[in-house]
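For reference, entry00.cif is printed below; it contains mmCIF, C-alpha atoms.
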data_start
loop_
_atom_site.group_PDB
_atom_site.id
_atom_site.type_symbol
_atom_site.label_atom_id
_atom_site.label_comp_id
_atom_site.auth_asym_id
_atom_site.auth_seq_id
_atom_site.Cartn_x
_atom_site.Cartn_y
_atom_site.Cartn_z
ATOM 1 C CA MET A 971 8.482 -18.897 1.664
ATOM 2 C CA MET A 972 6.982 -15.890 3.426
ATOM 3 C CA ASN A 973 3.382 -16.157 4.571
ATOM 4 C CA PRO A 974 1.161 -14.027 2.249
ATOM 5 C CA LYS A 975 -0.285 -12.155 5.224
ATOM 6 C CA ASN A 976 3.201 -11.334 6.503
ATOM 7 C CA PHE A 977 4.259 -10.233 3.010
ATOM 8 C CA LEU A 978 1.304 -7.838 2.743
ATOM 9 C CA LEU A 979 2.060 -6.494 6.211
ATOM 10 C CA LEU A 980 5.709 -5.901 5.284
ATOM 11 C CA LEU A 981 4.701 -4.224 2.023
ATOM 12 C CA SER A 982 2.302 -1.894 3.829
ATOM 13 C CA VAL A 983 5.025 -0.945 6.334
ATOM 14 C CA ILE A 984 7.444 -0.137 3.505
ATOM 15 C CA ILE A 985 4.872 1.975 1.655
ATOM 16 C CA PHE A 986 3.996 3.819 4.874
ATOM 17 C CA SER A 987 7.692 4.446 5.609
ATOM 18 C CA PHE A 988 8.270 5.938 2.152
ATOM 19 C CA SER A 989 5.201 8.144 2.466
ATOM 20 C CA MET A 990 6.309 9.412 5.889
ATOM 21 C CA GLY A 991 9.854 10.011 4.739
ATOM 22 C CA LEU A 992 11.240 7.384 7.137
ATOM 23 C CA ILE A 993 12.982 5.606 4.246
ATOM 24 C CA ASP A 994 14.657 7.456 1.407
ATOM 25 C CA ALA A 995 13.448 6.462 -2.047
ATOM 26 C CA PRO A 996 16.233 5.388 -4.412
ATOM 27 C CA ALA A 997 17.640 8.478 -6.080
ATOM 28 C CA GLN A 998 16.913 8.661 -9.785
ATOM 29 C CA SER A 999 20.067 8.960 -11.858
ATOM 30 C CA VAL A 1000 18.679 11.494 -14.339
ATOM 31 C CA VAL A 1001 17.162 14.856 -13.467
ATOM 32 C CA LYS A 1002 15.310 15.998 -16.578
ATOM 33 C CA LEU A 1003 14.829 19.746 -16.971
ATOM 34 C CA ASN A 1004 13.890 19.770 -20.646
ATOM 35 C CA PRO A 1005 12.146 17.213 -22.926
ATOM 36 C CA ALA A 1006 15.239 17.291 -25.166
ATOM 37 C CA MET A 1007 16.983 15.268 -22.481
ATOM 38 C CA ASP A 1008 15.003 12.197 -23.593
ATOM 39 C CA ARG A 1009 16.985 12.073 -26.855
ATOM 40 C CA ILE A 1010 20.247 12.034 -24.931
ATOM 41 C CA VAL A 1011 19.809 9.572 -22.082
ATOM 42 C CA ASP A 1012 17.037 7.326 -20.806
ATOM 43 C CA GLU A 1013 15.293 8.843 -17.796
ATOM 44 C CA HIS A 1014 15.616 5.573 -15.862
ATOM 45 C CA VAL A 1015 19.154 4.666 -16.936
ATOM 46 C CA GLN A 1016 21.301 2.921 -14.360
ATOM 47 C CA VAL A 1017 24.706 4.235 -13.349
ATOM 48 C CA GLU A 1018 27.168 1.339 -13.114
ATOM 49 C CA LYS A 1019 30.169 1.336 -10.796
ATOM 50 C CA LEU A 1020 33.095 -0.284 -12.592
ATOM 51 C CA ALA A 1021 35.817 -0.013 -9.938
ATOM 52 C CA GLY A 1022 36.577 1.708 -6.647
ATOM 53 C CA GLY A 1023 39.055 2.164 -3.834
ATOM 54 C CA PHE A 1024 41.147 4.872 -5.494
ATOM 55 C CA ALA A 1025 42.452 8.097 -3.950
ATOM 56 C CA PHE A 1026 41.154 10.641 -6.502
ATOM 57 C CA THR A 1027 40.261 9.614 -10.048
ATOM 58 C CA GLU A 1028 40.587 11.943 -13.040
ATOM 59 C CA GLY A 1029 41.356 12.305 -16.732
ATOM 60 C CA PRO A 1030 39.687 9.289 -18.415
ATOM 61 C CA VAL A 1031 40.377 8.541 -22.077
ATOM 62 C CA TRP A 1032 39.162 5.637 -24.226
ATOM 63 C CA SER A 1033 41.573 3.813 -26.511
ATOM 64 C CA ALA A 1034 39.576 3.028 -29.640
ATOM 65 C CA THR A 1035 42.386 0.899 -31.074
ATOM 66 C CA GLU A 1036 42.928 -1.220 -27.960
ATOM 67 C CA GLY A 1037 39.432 -1.171 -26.454
ATOM 68 C CA TYR A 1038 40.303 -0.108 -22.929
ATOM 69 C CA LEU A 1039 40.037 2.967 -20.719
ATOM 70 C CA LEU A 1040 42.901 4.838 -19.109
ATOM 71 C CA PHE A 1041 42.334 7.098 -16.113
ATOM 72 C CA SER A 1042 44.472 8.925 -13.575
ATOM 73 C CA ASP A 1043 44.667 8.447 -9.822
ATOM 74 C CA ILE A 1044 46.445 11.705 -9.038
ATOM 75 C CA PRO A 1045 47.497 11.211 -5.374
ATOM 76 C CA ALA A 1046 48.575 7.630 -6.148
ATOM 77 C CA ASN A 1047 50.838 8.987 -8.923
ATOM 78 C CA THR A 1048 49.420 6.395 -11.301
ATOM 79 C CA VAL A 1049 47.657 6.091 -14.633
ATOM 80 C CA ASN A 1050 45.448 2.998 -14.512
ATOM 81 C CA LYS A 1051 44.039 0.802 -17.267
ATOM 82 C CA TRP A 1052 40.500 -0.553 -17.037
ATOM 83 C CA THR A 1053 39.503 -3.365 -19.398
ATOM 84 C CA PRO A 1054 35.935 -4.494 -20.172
ATOM 85 C CA ASP A 1055 36.530 -7.691 -18.189
ATOM 86 C CA GLY A 1056 36.573 -5.495 -15.073
ATOM 87 C CA LYS A 1057 40.307 -5.635 -14.379
ATOM 88 C CA VAL A 1058 42.238 -2.525 -13.321
ATOM 89 C CA THR A 1059 46.025 -2.536 -13.648
ATOM 90 C CA PRO A 1060 48.697 0.201 -13.431
ATOM 91 C CA TYR A 1061 49.547 1.543 -16.873
ATOM 92 C CA ARG A 1062 52.104 4.204 -15.952
ATOM 93 C CA GLN A 1063 53.648 4.546 -12.503
ATOM 94 C CA PRO A 1064 54.941 7.011 -11.485
ATOM 95 C CA SER A 1065 52.963 9.360 -13.694
ATOM 96 C CA ASN A 1066 54.210 12.740 -12.445
ATOM 97 C CA ASN A 1067 50.753 12.986 -10.836
ATOM 98 C CA ALA A 1068 49.127 13.125 -14.258
ATOM 99 C CA ASN A 1069 45.603 14.512 -14.483
ATOM 100 C CA GLY A 1070 44.078 14.915 -17.963
ATOM 101 C CA LEU A 1071 44.876 12.345 -20.653
ATOM 102 C CA THR A 1072 44.277 12.225 -24.395
ATOM 103 C CA TYR A 1073 45.643 10.626 -27.565
ATOM 104 C CA ASP A 1074 47.179 12.541 -30.433
ATOM 105 C CA ARG A 1075 46.650 11.642 -34.087
ATOM 106 C CA SER A 1076 49.666 9.299 -34.077
ATOM 107 C CA GLY A 1077 48.412 7.245 -31.148
ATOM 108 C CA ASN A 1078 50.716 8.823 -28.577
ATOM 109 C CA LEU A 1079 49.305 9.365 -25.093
ATOM 110 C CA LEU A 1080 49.491 12.966 -23.886
ATOM 111 C CA LEU A 1081 49.548 13.561 -20.121
ATOM 112 C CA ALA A 1082 48.826 16.828 -18.314
ATOM 113 C CA GLU A 1083 51.236 16.428 -15.418
ATOM 114 C CA HIS A 1084 50.780 18.189 -12.094
ATOM 115 C CA SER A 1085 54.126 17.563 -10.404
ATOM 116 C CA GLY A 1086 55.903 17.316 -13.747
ATOM 117 C CA ARG A 1087 54.551 20.790 -14.600
ATOM 118 C CA LYS A 1088 54.409 19.885 -18.267
ATOM 119 C CA VAL A 1089 52.546 18.029 -20.962
ATOM 120 C CA GLY A 1090 54.272 14.705 -21.424
ATOM 121 C CA ILE A 1091 54.056 12.388 -24.420
ATOM 122 C CA LEU A 1092 54.157 8.594 -24.160
ATOM 123 C CA SER A 1093 54.629 6.682 -27.417
ATOM 124 C CA PRO A 1094 53.044 3.283 -28.116
ATOM 125 C CA ASP A 1095 56.532 1.737 -27.893
ATOM 126 C CA GLY A 1096 56.875 3.013 -24.315
ATOM 127 C CA SER A 1097 59.292 5.865 -24.956
ATOM 128 C CA TYR A 1098 58.519 9.064 -23.052
ATOM 129 C CA ALA A 1099 59.413 12.722 -23.531
ATOM 130 C CA SER A 1100 58.318 16.207 -22.592
ATOM 131 C CA LEU A 1101 56.103 17.772 -25.251
ATOM 132 C CA VAL A 1102 56.086 21.278 -23.753
ATOM 133 C CA ASP A 1103 57.016 22.490 -20.271
ATOM 134 C CA SER A 1104 57.286 26.272 -20.165
ATOM 135 C CA TYR A 1105 56.011 29.581 -21.470
ATOM 136 C CA GLN A 1106 58.542 32.273 -22.358
ATOM 137 C CA GLY A 1107 61.194 30.597 -20.207
ATOM 138 C CA THR A 1108 59.029 30.053 -17.105
ATOM 139 C CA ARG A 1109 57.701 26.636 -16.150
ATOM 140 C CA PHE A 1110 53.970 25.985 -16.263
ATOM 141 C CA ASN A 1111 51.946 25.929 -13.045
ATOM 142 C CA SER A 1112 50.455 22.400 -13.257
ATOM 143 C CA PRO A 1113 48.828 21.451 -16.573
ATOM 144 C CA ASN A 1114 45.368 20.087 -15.839
ATOM 145 C CA ASP A 1115 43.491 18.936 -18.927
ATOM 146 C CA VAL A 1116 44.536 18.371 -22.529
ATOM 147 C CA ILE A 1117 42.819 17.741 -25.876
ATOM 148 C CA VAL A 1118 43.883 17.454 -29.533
ATOM 149 C CA ASP A 1119 42.053 18.724 -32.621
ATOM 150 C CA ARG A 1120 41.780 16.990 -36.002
ATOM 151 C CA LYS A 1121 44.840 18.798 -37.343
ATOM 152 C CA GLY A 1122 46.956 17.719 -34.380
ATOM 153 C CA ALA A 1123 47.017 20.979 -32.424
ATOM 154 C CA VAL A 1124 47.167 20.442 -28.659
ATOM 155 C CA TYR A 1125 45.064 22.564 -26.290
ATOM 156 C CA PHE A 1126 45.609 22.512 -22.525
ATOM 157 C CA THR A 1127 44.815 24.442 -19.342
ATOM 158 C CA ASP A 1128 47.284 25.410 -16.629
ATOM 159 C CA PRO A 1129 45.714 26.233 -13.229
ATOM 160 C CA PRO A 1130 47.747 25.919 -9.995
ATOM 161 C CA TYR A 1131 45.932 22.954 -8.425
ATOM 162 C CA GLY A 1132 48.987 20.678 -8.430
ATOM 163 C CA LEU A 1133 51.569 23.400 -7.898
ATOM 164 C CA ASP A 1134 53.874 23.101 -4.891
ATOM 165 C CA LYS A 1135 53.055 26.026 -2.599
ATOM 166 C CA ALA A 1136 56.758 26.563 -2.066
ATOM 167 C CA ALA A 1137 57.390 27.041 -5.797
ATOM 168 C CA SER A 1138 58.760 30.475 -6.641
ATOM 169 C CA ASP A 1139 59.043 30.118 -10.415
ATOM 170 C CA THR A 1140 55.409 30.750 -11.281
ATOM 171 C CA LEU A 1141 53.835 32.508 -14.224
ATOM 172 C CA GLY A 1142 51.535 34.698 -12.151
ATOM 173 C CA PHE A 1143 48.476 33.759 -14.222
ATOM 174 C CA ASN A 1144 46.525 30.651 -15.198
ATOM 175 C CA GLY A 1145 46.511 30.165 -18.923
ATOM 176 C CA ILE A 1146 44.810 28.337 -21.757
ATOM 177 C CA TYR A 1147 47.330 27.278 -24.401
ATOM 178 C CA ARG A 1148 47.588 25.907 -27.924
ATOM 179 C CA TYR A 1149 50.662 23.972 -29.070
ATOM 180 C CA GLU A 1150 51.203 23.071 -32.719
ATOM 181 C CA LYS A 1151 54.288 22.163 -34.696
ATOM 182 C CA GLY A 1152 56.627 23.344 -31.968
ATOM 183 C CA LYS A 1153 54.874 26.683 -31.468
ATOM 184 C CA LEU A 1154 53.215 27.532 -28.157
ATOM 185 C CA THR A 1155 50.497 30.196 -28.054
ATOM 186 C CA LEU A 1156 48.811 31.640 -24.982
ATOM 187 C CA LEU A 1157 45.163 31.794 -26.038
ATOM 188 C CA ALA A 1158 43.691 33.354 -22.898
ATOM 189 C CA ASN A 1159 44.513 34.121 -19.271
ATOM 190 C CA ASP A 1160 41.183 35.647 -18.275
ATOM 191 C CA LEU A 1161 39.903 32.804 -16.068
ATOM 192 C CA TYR A 1162 40.583 32.344 -12.353
ATOM 193 C CA ARG A 1163 40.730 28.537 -12.532
ATOM 194 C CA PRO A 1164 40.645 27.201 -16.119
ATOM 195 C CA ASN A 1165 40.137 23.463 -15.978
ATOM 196 C CA GLY A 1166 38.509 21.018 -18.415
ATOM 197 C CA LEU A 1167 38.207 21.863 -22.096
ATOM 198 C CA ALA A 1168 36.601 20.488 -25.254
ATOM 199 C CA LEU A 1169 35.958 21.413 -28.875
ATOM 200 C CA SER A 1170 32.652 21.666 -30.704
ATOM 201 C CA PRO A 1171 32.153 19.077 -33.498
ATOM 202 C CA ASP A 1172 33.125 21.634 -36.165
ATOM 203 C CA GLU A 1173 36.086 22.757 -34.007
ATOM 204 C CA ARG A 1174 35.047 26.383 -34.271
ATOM 205 C CA VAL A 1175 34.338 26.706 -30.546
ATOM 206 C CA LEU A 1176 36.556 25.944 -27.572
ATOM 207 C CA TYR A 1177 34.707 25.239 -24.322
ATOM 208 C CA VAL A 1178 36.539 25.772 -21.018
ATOM 209 C CA ALA A 1179 35.382 25.097 -17.469
ATOM 210 C CA ASN A 1180 36.228 27.693 -14.828
ATOM 211 C CA SER A 1181 36.123 25.868 -11.502
ATOM 212 C CA ASP A 1182 35.695 28.841 -9.186
ATOM 213 C CA ARG A 1183 35.111 32.604 -8.803
ATOM 214 C CA PRO A 1184 32.598 32.034 -10.300
ATOM 215 C CA LYS A 1185 31.657 28.494 -11.277
ATOM 216 C CA LYS A 1186 30.990 28.773 -15.001
ATOM 217 C CA TYR A 1187 31.657 27.380 -18.453
ATOM 218 C CA MET A 1188 33.080 29.651 -21.118
ATOM 219 C CA LYS A 1189 33.289 29.462 -24.898
ATOM 220 C CA TYR A 1190 35.862 30.936 -27.264
ATOM 221 C CA ALA A 1191 35.397 31.297 -31.010
ATOM 222 C CA ILE A 1192 38.328 29.802 -32.931
ATOM 223 C CA ALA A 1193 39.469 31.539 -36.101
ATOM 224 C CA LYS A 1194 40.979 29.722 -39.089
ATOM 225 C CA ASN A 1195 44.460 30.836 -38.009
ATOM 226 C CA GLY A 1196 43.970 29.173 -34.626
ATOM 227 C CA LYS A 1197 43.538 32.344 -32.605
ATOM 228 C CA VAL A 1198 40.566 32.666 -30.290
ATOM 229 C CA GLY A 1199 38.235 35.562 -29.672
ATOM 230 C CA LYS A 1200 37.246 37.056 -26.356
ATOM 231 C CA GLY A 1201 35.698 34.548 -24.000
ATOM 232 C CA GLN A 1202 31.914 34.512 -23.723
ATOM 233 C CA LEU A 1203 29.775 32.966 -21.014
ATOM 234 C CA PHE A 1204 28.357 29.628 -22.155
ATOM 235 C CA PHE A 1205 26.633 28.557 -18.933
ATOM 236 C CA ASP A 1206 26.644 29.988 -15.395
ATOM 237 C CA ALA A 1207 26.717 27.224 -12.773
ATOM 238 C CA SER A 1208 27.262 29.485 -9.761
ATOM 239 C CA THR A 1209 23.658 29.211 -8.540
ATOM 240 C CA LEU A 1210 23.268 25.449 -8.990
ATOM 241 C CA GLU A 1211 22.846 23.328 -5.887
ATOM 242 C CA GLY A 1212 24.895 20.232 -5.196
ATOM 243 C CA ALA A 1213 28.490 19.295 -4.567
ATOM 244 C CA GLY A 1214 31.072 19.679 -7.301
ATOM 245 C CA SER A 1215 32.629 22.351 -9.476
ATOM 246 C CA PRO A 1216 33.044 22.823 -13.235
ATOM 247 C CA ASP A 1217 35.792 20.448 -14.280
ATOM 248 C CA GLY A 1218 35.740 17.936 -17.138
ATOM 249 C CA ILE A 1219 33.937 18.603 -20.439
ATOM 250 C CA LYS A 1220 33.069 16.423 -23.418
ATOM 251 C CA VAL A 1221 30.844 16.983 -26.473
ATOM 252 C CA ASP A 1222 28.682 14.573 -28.481
ATOM 253 C CA VAL A 1223 28.363 14.512 -32.276
ATOM 254 C CA GLU A 1224 25.317 16.794 -32.129
ATOM 255 C CA GLY A 1225 27.178 19.432 -30.119
ATOM 256 C CA ASN A 1226 25.609 18.800 -26.718
ATOM 257 C CA VAL A 1227 28.033 19.522 -23.888
ATOM 258 C CA TYR A 1228 28.501 17.083 -20.985
ATOM 259 C CA ALA A 1229 30.209 18.821 -18.087
ATOM 260 C CA THR A 1230 30.963 17.751 -14.548
ATOM 261 C CA GLY A 1231 29.732 20.356 -12.100
ATOM 262 C CA PRO A 1232 27.393 21.020 -9.186
ATOM 263 C CA GLY A 1233 25.100 18.019 -8.748
ATOM 264 C CA GLY A 1234 26.702 15.641 -11.234
ATOM 265 C CA VAL A 1235 27.217 15.666 -15.012
ATOM 266 C CA LEU A 1236 25.354 18.599 -16.548
ATOM 267 C CA VAL A 1237 24.004 18.168 -20.069
ATOM 268 C CA ILE A 1238 23.883 21.505 -21.881
ATOM 269 C CA SER A 1239 22.630 22.210 -25.394
ATOM 270 C CA PRO A 1240 24.891 23.966 -27.939
ATOM 271 C CA GLN A 1241 22.809 27.077 -27.235
ATOM 272 C CA GLY A 1242 23.754 26.990 -23.546
ATOM 273 C CA LYS A 1243 20.478 25.606 -22.174
ATOM 274 C CA HIS A 1244 20.709 23.229 -19.216
ATOM 275 C CA LEU A 1245 18.752 20.148 -20.325
ATOM 276 C CA GLY A 1246 19.323 17.998 -17.265
ATOM 277 C CA THR A 1247 21.821 16.395 -14.923
ATOM 278 C CA ILE A 1248 23.084 12.827 -14.577
ATOM 279 C CA ARG A 1249 23.745 12.087 -10.917
ATOM 280 C CA PHE A 1250 26.359 9.743 -9.460
ATOM 281 C CA PRO A 1251 27.021 8.199 -6.037
ATOM 282 C CA GLU A 1252 30.193 10.284 -5.778
ATOM 283 C CA VAL A 1253 31.070 13.764 -7.010
ATOM 284 C CA PRO A 1254 32.227 13.504 -10.660
ATOM 285 C CA ALA A 1255 35.476 15.120 -11.725
ATOM 286 C CA ASN A 1256 35.910 14.140 -15.362
ATOM 287 C CA LEU A 1257 34.424 12.039 -18.140
ATOM 288 C CA ALA A 1258 35.039 10.443 -21.528
ATOM 289 C CA PHE A 1259 33.018 8.758 -24.251
ATOM 290 C CA GLY A 1260 34.009 5.219 -25.135
ATOM 291 C CA GLY A 1261 32.955 1.775 -26.251
ATOM 292 C CA ALA A 1262 32.688 0.543 -29.820
ATOM 293 C CA ASP A 1263 29.796 2.919 -30.555
ATOM 294 C CA ARG A 1264 31.087 5.737 -28.294
ATOM 295 C CA LYS A 1265 27.772 5.696 -26.425
ATOM 296 C CA THR A 1266 29.251 4.766 -23.056
ATOM 297 C CA LEU A 1267 30.001 7.748 -20.838
ATOM 298 C CA TYR A 1268 32.829 6.861 -18.451
ATOM 299 C CA VAL A 1269 33.000 9.076 -15.369
ATOM 300 C CA THR A 1270 35.762 9.429 -12.793
ATOM 301 C CA ALA A 1271 34.249 10.403 -9.439
ATOM 302 C CA ARG A 1272 36.472 10.745 -6.392
ATOM 303 C CA THR A 1273 37.328 7.161 -5.379
ATOM 304 C CA GLY A 1274 35.386 5.375 -8.110
ATOM 305 C CA LEU A 1275 35.068 4.773 -11.839
ATOM 306 C CA TYR A 1276 31.527 4.723 -13.261
ATOM 307 C CA ALA A 1277 29.727 4.240 -16.571
ATOM 308 C CA VAL A 1278 26.352 5.232 -17.974
ATOM 309 C CA GLN A 1279 24.827 4.524 -21.384
ATOM 310 C CA VAL A 1280 23.749 7.473 -23.535
ATOM 311 C CA LYS A 1281 21.925 7.632 -26.865
ATOM 312 C CA ILE A 1282 24.139 9.963 -28.925
ATOM 313 C CA PRO A 1283 27.761 9.038 -29.748
ATOM 314 C CA GLY A 1284 30.532 11.142 -28.312
ATOM 315 C CA ASN A 1285 32.537 13.440 -30.541
ATOM 316 C CA ASN A 1286 35.518 13.808 -28.217
#

Before anything else, please render the file you have as structure tokens.
Amino acid sequence: MMNPKNFLLLLSVIIFSFSMGLIDAPAQSVVKLNPAMDRIVDEHVQVEKLAGGFAFTEGPVWSATEGYLLFSDIPANTVNKWTPDGKVTPYRQPSNNANGLTYDRSGNLLLAEHSGRKVGILSPDGSYASLVDSYQGTRFNSPNDVIVDRKGAVYFTDPPYGLDKAASDTLGFNGIYRYEKGKLTLLANDLYRPNGLALSPDERVLYVANSDRPKKYMKYAIAKNGKVGKGQLFFDASTLEGAGSPDGIKVDVEGNVYATGPGGVLVISPQGKHLGTIRFPEVPANLAFGGADRKTLYVTARTGLYAVQVKIPGNN
């Protein structure tokens, strides 16, 4: 046991070192910019690292029926499965360098495939097919993120991040698409780098992250016929400090938007007000709600998979 005098001496040295900036204080996980943040996440919540050692993690999705998380490791050409016992095993390999993942209303897994240049569909029985792979006869660039609405319509973005530089059969633009009942519709091509996307709880608004030029999050009003209006700025992230770019987006049942971006996971009110940021040891790329109560926020961040507990259940 340490001598009490030595303990007090050590304690005084530590306090002095903190005060002089010789030792960095542990970084707080939550940066609160608005009191409303208290309803969303505890100010002193701990970020938990679930797994690491990957090349570049992306596209997490929670399986409510099976109780596990799937996520992509794009350079490793693998979709991994994480189970609550801490085990990580390959789920689909090769994956055509899949990025975004989601489930449709029949339990099929949809994969936004970079090298496949399509949205693939993997059935629960293991059978695989291409859901959609081209627009007006020309192959997609490299589908990035994908979501499904309550009626079964599939929305996805198509920037060139995974496109082979030698490819000559390109569209010449980066689109946002809707696919339903065999019909593909180009919703918008007004963003430089459309990336993650999500729907508001009432599915009247489509949120889309634009990763660069400039870094921002857009919103599009969705009409009853499925068409979208002109894009409007939801939140400008171009002046925020910190590593990271607008990428993954998810929404809770109250309409708050959780978006990876500069500094971590930004929490933005439905009115576009930045309430705060959840910080992680690595730069986050994407995120998904999960767990039995959908109050666990799973975050893929470069080489690691992380989790943080929030107070409001996720909507998507």

Residues picked by the PyMOL selection byres ((chain A and resi 1186) around 6) here, as an mmCIF file with C-alpha atoms, keeping the file's coordinate frame?
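Final output, selection_29.cif:
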data_model
loop_
_atom_site.group_PDB
_atom_site.id
_atom_site.type_symbol
_atom_site.label_atom_id
_atom_site.label_comp_id
_atom_site.auth_asym_id
_atom_site.auth_seq_id
_atom_site.Cartn_x
_atom_site.Cartn_y
_atom_site.Cartn_z
ATOM 1 C CA ASN A 1180 36.228 27.693 -14.828
ATOM 2 C CA PRO A 1184 32.598 32.034 -10.300
ATOM 3 C CA LYS A 1185 31.657 28.494 -11.277
ATOM 4 C CA TYR A 1187 31.657 27.380 -18.453
ATOM 5 C CA PHE A 1205 26.633 28.557 -18.933
ATOM 6 C CA ASP A 1206 26.644 29.988 -15.395
ATOM 7 C CA ALA A 1207 26.717 27.224 -12.773
#

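Residue neighbourhood of Ser1239 of chain A, excluding near-sequence residues (fewer than 6 positions): Asn1226, Val1227 and Leu1245 of chain A, at 7 Å, using all atoms listed in the file.
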
### Message
Here's the selection I'm unsure about, the PyMOL selection byres ((chain A and resi 1101) around 7); applied to the file above, which residues does it give, as a ChimeraX atom specification?
### Response
/A:1089-1091,1099-1100,1102-1103

### Message
So that I can see what lies close to Gly1132 of chain A, please list as a list in words the residues with an atom at most 9 Å from it, counting only C-alpha atoms and leaving out residues fewer than 4 positions away in the same chain.
### Response
Asn1067, Glu1083, His1084, Ser1085, Arg1087, Asn1111, Ser1112, Pro1113 and Asn1114 of chain A

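Proximity of A:Gly1201, A:Gly1107, A:Pro1054, A:Gly1196 to Thr1266 of chain A, computed with all atoms listed in the file, is greatest for A:Pro1054.
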
### Query
Taking only C-alpha atoms into account, which of A:Leu1092, A:Ala1025, A:Ile1248, A:Leu1169 comes nearest Arg1120 of chain A?
A:Leu1169

### Query
Taking the file as shown, what set of residues would the PyMOL selection byres ((chain A and resi 1154) around 10) give back, as a ChimeraX atom specification?
/A:1102,1104-1106,1123-1125,1147-1153,1155-1157

### Task
Could you please determine the separation between atom CA of Gly1166 of chain A and atom CA of Asp1134 of chain A in Å, to one decimal place?
20.6 Å

### Query
Suppose you want the space between atom CA of Val1269 of chain A and atom CA of Gly1231 of chain A; what is it in Å?
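Taking atom CA of Val1269 of chain A as the start and atom CA of Gly1231 of chain A as the end point, the length is 12.2 Å.
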
### Summary
The distance between atom CA of Arg1183 of chain A and atom CA of Ser1215 of chain A is 10.6 Å

### Query
Pick from A:Ser1097, A:Gln1063, A:Ser1170, A:Thr1209: nearest to Tyr1190 of chain A, with all atoms listed in the file counted?
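When distances to Tyr1190 of chain A are compared using all atoms listed in the file, the smallest one comes from A:Ser1170.
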
### Message
With all atoms listed in the file as the counted atoms, please give the residues lying no more than 7 Å from Gly1145 of chain A, apart from itself and same-chain residues fewer than 3 positions off, as a PyMOL selection string.
### Response
chain A and resi 1127-1129+1156+1158-1159

### Message
Neighbouring residues of Trp1032 of chain A were defined as those with any atom within 9 Å, considering only C-alpha atoms; residues of the same chain fewer than 2 positions away were excluded. Please report them as a list in words.
### Response
Pro1030, Ala1034, Thr1035, Glu1036, Gly1037, Tyr1038, Leu1039, Leu1040, Phe1041, Thr1072, Tyr1073, Ala1258, Phe1259, Gly1260, Gly1261 and Tyr1268 of chain A

Take the residues from that selection and put them in a file with C-alpha atoms, as a tab-separated table (two decimals), in the coordinates of the input.
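File part-v6.tsv, as written:
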chain	number	residue	atom	x	y	z
A	1030	PRO	CA	39.69	9.29	-18.42
A	1034	ALA	CA	39.58	3.03	-29.64
A	1035	THR	CA	42.39	0.90	-31.07
A	1036	GLU	CA	42.93	-1.22	-27.96
A	1037	GLY	CA	39.43	-1.17	-26.45
A	1038	TYR	CA	40.30	-0.11	-22.93
A	1039	LEU	CA	40.04	2.97	-20.72
A	1040	LEU	CA	42.90	4.84	-19.11
A	1041	PHE	CA	42.33	7.10	-16.11
A	1072	THR	CA	44.28	12.22	-24.40
A	1073	TYR	CA	45.64	10.63	-27.56
A	1258	ALA	CA	35.04	10.44	-21.53
A	1259	PHE	CA	33.02	8.76	-24.25
A	1260	GLY	CA	34.01	5.22	-25.14
A	1261	GLY	CA	32.96	1.78	-26.25
A	1268	TYR	CA	32.83	6.86	-18.45

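Distances here use only C-alpha atoms; by that measure, the residue among A:Arg1163, A:Lys1019, A:Asp1012, A:Lys1135 closest to Gly1274 of chain A is A:Lys1019.
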